[in-house]
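Q: input.txt is the file, holding compact mmCIF, C-alpha atoms:
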```
# COMPACT_ATOMS: atom_id res chain seq x y z
CA PHE B 1 -44.88 -21.81 54.05
CA PHE B 2 -47.68 -23.93 52.60
CA ARG B 3 -49.65 -20.89 51.63
CA ILE B 4 -46.85 -19.66 49.36
CA ALA B 5 -46.69 -23.01 47.61
CA LEU B 6 -50.45 -22.99 47.05
CA THR B 7 -50.42 -19.56 45.52
CA MET B 8 -47.60 -20.48 43.16
CA ALA B 9 -49.12 -23.62 41.72
CA PRO B 10 -51.91 -21.92 39.74
CA LYS B 11 -49.36 -19.75 37.85
CA ALA B 12 -47.82 -22.83 36.24
CA ALA B 13 -51.25 -24.05 35.29
CA ALA B 14 -52.09 -20.67 33.70
CA LYS B 15 -49.05 -20.81 31.40
CA ALA B 16 -49.89 -24.22 29.99
CA PRO B 17 -53.00 -23.07 28.08
CA ALA B 18 -51.03 -20.16 26.55
CA LYS B 19 -48.55 -22.58 24.98
CA ALA B 20 -51.30 -24.61 23.44
CA ALA B 21 -52.80 -21.47 21.86
CA LYS B 22 -49.73 -20.83 19.63
CA LYS B 23 -49.92 -21.94 15.97
CA PRO B 24 -47.50 -24.59 14.77
CA VAL B 25 -44.47 -23.27 12.80
CA LYS B 26 -44.34 -24.32 9.14
CA LYS B 27 -41.12 -25.81 7.79
CA ALA B 28 -39.55 -24.56 4.53
CA THR B 29 -40.82 -26.48 1.52
CA GLY B 30 -37.47 -26.25 -0.42
CA VAL B 31 -34.57 -28.54 0.28
CA SER B 32 -32.19 -26.82 2.69
CA LYS B 33 -28.45 -27.16 1.93
CA PRO B 34 -25.90 -27.46 4.67
CA VAL B 35 -23.63 -24.41 5.11
CA MET B 36 -20.16 -25.21 3.73
CA LYS B 37 -17.16 -23.60 5.39
CA LYS B 38 -14.22 -22.64 3.14
CA PRO B 39 -11.12 -24.52 4.21
CA LYS B 40 -8.25 -22.37 5.48
CA LYS B 41 -5.57 -21.84 2.82
CA ILE B 42 -2.19 -23.23 3.70
CA ARG B 43 0.47 -20.57 3.09
CA THR B 44 3.74 -21.87 1.70
CA GLU B 45 5.42 -18.49 0.99
CA VAL B 46 6.86 -16.12 3.57
CA GLN B 47 5.96 -12.95 1.64
CA PHE B 48 2.38 -12.02 0.80
CA HIS B 49 1.89 -11.07 -2.85
CA ARG B 50 -1.22 -9.04 -3.57
CA PRO B 51 -3.40 -10.70 -6.21
CA TYR B 52 -3.71 -9.01 -9.59
CA THR B 53 -6.98 -7.17 -10.09
CA LEU B 54 -8.54 -5.17 -12.89
CA ARG B 55 -7.04 -1.68 -13.08
CA LEU B 56 -8.92 0.85 -15.17
CA LYS B 57 -7.14 3.88 -16.59
CA GLY B 58 -8.26 7.19 -15.13
CA ASP B 59 -10.16 9.85 -17.04
CA ARG B 60 -7.75 12.09 -18.96
CA LYS B 61 -8.09 15.78 -18.13
CA TYR B 62 -6.67 16.91 -21.50
CA ALA B 63 -5.69 15.34 -24.83
CA ARG B 64 -2.09 14.14 -24.97
CA GLY B 65 0.13 14.51 -28.02
CA SER B 66 -1.44 17.75 -29.24
CA GLY B 67 1.96 19.21 -30.21
CA ARG B 68 2.92 16.34 -32.48
CA THR B 69 2.89 16.15 -36.24
CA VAL B 70 1.20 13.46 -38.32
CA THR B 71 4.42 11.41 -38.43
CA GLY B 72 4.74 11.56 -34.63
CA GLY B 73 7.81 13.83 -34.37
CA VAL B 74 7.94 16.78 -32.00
CA ARG B 75 7.98 20.19 -33.70
CA MET B 76 10.94 22.09 -32.31
CA ASP B 77 12.72 25.11 -33.75
CA GLN B 78 16.13 26.38 -32.64
CA PHE B 79 14.57 28.57 -29.93
CA ALA B 80 12.76 25.59 -28.41
CA VAL B 81 15.84 23.35 -28.55
CA LEU B 82 18.41 25.66 -26.90
CA LYS B 83 17.31 27.00 -23.53
CA PHE B 84 20.40 28.86 -22.30
CA PRO B 85 24.20 28.60 -22.27
CA LEU B 86 25.80 27.31 -19.09
CA THR B 87 28.21 29.70 -17.33
CA THR B 88 29.69 27.53 -14.58
CA GLU B 89 33.40 27.30 -13.86
CA SER B 90 33.68 23.90 -15.53
CA ALA B 91 31.83 25.24 -18.60
CA MET B 92 34.31 28.14 -18.83
CA LYS B 93 37.18 25.67 -18.64
CA LYS B 94 35.64 23.70 -21.55
CA ILE B 95 35.36 26.91 -23.61
CA GLU B 96 39.02 27.82 -23.03
CA ASP B 97 40.67 24.38 -23.21
CA ASN B 98 38.48 22.19 -25.42
CA ASN B 99 36.86 24.71 -27.82
CA THR B 100 33.47 23.51 -26.54
CA LEU B 101 30.29 25.44 -25.69
CA VAL B 102 27.94 24.08 -23.03
CA PHE B 103 24.16 24.55 -23.28
CA ILE B 104 21.08 23.47 -21.36
CA VAL B 105 18.70 22.10 -23.98
CA ASP B 106 15.18 20.72 -24.19
CA ILE B 107 14.91 17.21 -22.75
CA ARG B 108 13.23 15.89 -25.93
CA SER B 109 15.81 17.26 -28.37
CA ASN B 110 18.36 14.96 -29.97
CA LYS B 111 21.97 15.60 -31.02
CA ASN B 112 21.12 16.45 -34.64
CA GLN B 113 18.51 19.02 -33.54
CA ILE B 114 21.03 20.60 -31.14
CA LYS B 115 23.68 20.74 -33.87
CA SER B 116 21.35 22.44 -36.36
CA ALA B 117 19.99 24.85 -33.70
CA VAL B 118 23.51 26.03 -32.83
CA LYS B 119 24.27 26.47 -36.54
CA LYS B 120 21.09 28.55 -37.11
CA MET B 121 21.44 30.75 -34.02
CA TYR B 122 25.16 31.48 -33.93
CA ASP B 123 26.35 30.71 -37.51
CA ILE B 124 28.90 28.16 -36.35
CA LYS B 125 29.59 24.57 -37.32
CA ALA B 126 29.75 21.92 -34.62
CA ALA B 127 32.18 19.04 -34.92
CA ARG B 128 30.21 16.86 -32.51
CA VAL B 129 27.61 17.04 -29.73
CA ASN B 130 27.70 15.11 -26.46
CA THR B 131 24.66 15.11 -24.17
CA LEU B 132 23.81 14.02 -20.67
CA ILE B 133 20.79 14.33 -18.42
CA ARG B 134 21.58 15.97 -15.10
CA PRO B 135 20.17 14.69 -11.79
CA ASP B 136 17.76 17.66 -11.70
CA GLY B 137 16.21 16.43 -14.98
CA LEU B 138 17.71 18.98 -17.38
CA LYS B 139 19.64 17.94 -20.49
CA LYS B 140 23.15 19.36 -20.89
CA ALA B 141 24.78 19.51 -24.33
CA PHE B 142 28.51 19.85 -24.97
CA VAL B 143 28.93 21.34 -28.47
CA LYS B 144 32.51 20.90 -29.71
CA LEU B 145 33.23 23.41 -32.45
CA GLN B 146 35.21 22.74 -35.61
CA PRO B 147 38.85 23.95 -35.52
CA ASP B 148 38.17 27.00 -37.76
CA PHE B 149 35.76 28.44 -35.08
CA ASP B 150 36.89 29.78 -31.70
CA ALA B 151 34.67 29.10 -28.70
CA LEU B 152 36.03 32.15 -26.83
CA ASP B 153 34.92 34.50 -29.61
CA ILE B 154 31.50 32.88 -29.82
CA ALA B 155 31.12 33.05 -26.01
CA ASN B 156 31.91 36.79 -26.12
CA LYS B 157 29.40 37.26 -28.94
CA ILE B 158 26.69 35.38 -26.97
CA GLY B 159 27.50 37.31 -23.81
CA ILE B 160 28.73 34.47 -21.61
CA LEU B 161 32.12 36.03 -20.84
```
Reformat the file's structure so that it appears as structure tokens.
A:
Amino acid sequence: FFRIALTMAPKAAAKAPAKAAKKPVKKATGVSKPVMKKPKKIRTEVQFHRPYTLRLKGDRKYARGSGRTVTGGVRMDQFAVLKFPLTTESAMKKIEDNNTLVFIVDIRSNKNQIKSAVKKMYDIKAARVNTLIRPDGLKKAFVKLQPDFDALDIANKIGIL
């Protein structure tokens, strides 16, 4: 038992000179600042609203507005305005009862453009034009004809009936 203790004692003595051989560590010459922790934000709202950040517009793949004139209006002739006549049951009822033709028209066309397009294509005068945009995104135009024109005759001429 004593022999083990004697053999162990020199090891501790051997380590002591190794520690003394190390060079002393230099301290930083600049003033060191203490690390500040950001305080936790107290939330007063139940919902989280994302903060506004800078949003850059994406690169355009083609130039917009190429089909516009200098004044900014869209160039549309009668063939671009009127797409096709509608031949549903309700449209037929309008032709027979109300002297009204029903067309699907370009989404960008207005009532005056529709009125003039019908006049140019079918040589008829419209009393008024009502429009609506259908749920599928197409614009429907109801063209009520003046009393001296018959919608049934025009529909036969177009080829609806």
Q: Could you pull the residues within 7 Å of region 138-144 of chain B, counting only C-alpha atoms, minus those fewer than 2 positions along the same chain, as a list in words?
A: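 Returned residues: Asn99, Thr100, Leu101, Val102, Phe103, Ile104, Val105, Asp106, Ile107, Ala126, Ala127, Arg128, Val129, Asn130, Thr131, Leu132, Ile133, Arg134, Asp136 and Gln146 of chain B.
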Q: Those residues with C-alpha atoms, as a PDB file, in the frame of the given file please?
A:
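As written to disk, part-v5.pdb reads:
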```pdb
ATOM      1  CA  ASN B  99      36.860  24.710 -27.820  1.00  0.00           C
ATOM      2  CA  THR B 100      33.470  23.510 -26.540  1.00  0.00           C
ATOM      3  CA  LEU B 101      30.290  25.440 -25.690  1.00  0.00           C
ATOM      4  CA  VAL B 102      27.940  24.080 -23.030  1.00  0.00           C
ATOM      5  CA  PHE B 103      24.160  24.550 -23.280  1.00  0.00           C
ATOM      6  CA  ILE B 104      21.080  23.470 -21.360  1.00  0.00           C
ATOM      7  CA  VAL B 105      18.700  22.100 -23.980  1.00  0.00           C
ATOM      8  CA  ASP B 106      15.180  20.720 -24.190  1.00  0.00           C
ATOM      9  CA  ILE B 107      14.910  17.210 -22.750  1.00  0.00           C
ATOM     10  CA  ALA B 126      29.750  21.920 -34.620  1.00  0.00           C
ATOM     11  CA  ALA B 127      32.180  19.040 -34.920  1.00  0.00           C
ATOM     12  CA  ARG B 128      30.210  16.860 -32.510  1.00  0.00           C
ATOM     13  CA  VAL B 129      27.610  17.040 -29.730  1.00  0.00           C
ATOM     14  CA  ASN B 130      27.700  15.110 -26.460  1.00  0.00           C
ATOM     15  CA  THR B 131      24.660  15.110 -24.170  1.00  0.00           C
ATOM     16  CA  LEU B 132      23.810  14.020 -20.670  1.00  0.00           C
ATOM     17  CA  ILE B 133      20.790  14.330 -18.420  1.00  0.00           C
ATOM     18  CA  ARG B 134      21.580  15.970 -15.100  1.00  0.00           C
ATOM     19  CA  ASP B 136      17.760  17.660 -11.700  1.00  0.00           C
ATOM     20  CA  GLN B 146      35.210  22.740 -35.610  1.00  0.00           C
TER      21      GLN B 146
END
```
Q: Please determine, counting all atoms listed in the file, which residue among B:Lys120, B:Arg75, B:His49, B:Lys93 has the shortest atom-to-atom distance to Arg108 (chain B).
A: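 Nearest candidate to Arg108 (chain B) out of B:Lys120, B:Arg75, B:His49, B:Lys93: B:Arg75.
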Q: With distances taken over only C-alpha atoms, which of B:Asn112, B:Phe84, B:Met76, B:Val46 is nearest to Gly159 (chain B)?
A: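 Looking only at the distances to Gly159 (chain B), the closest residue turns out to be B:Phe84.
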Q: Calculated over all atoms listed in the file, which of the candidates B:Ile124, B:Asp97, B:Ser109, B:Lys83 has the smallest distance to Asp148 (chain B)?
A: B:Ile124
Q: Would you mind reading off the distance between CA of Gln78 (chain B) and CA of Phe149 (chain B), one decimal, in Å?
A: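 Taking CA of Gln78 (chain B) as the start and CA of Phe149 (chain B) as the end point, the length is 19.9 Å.
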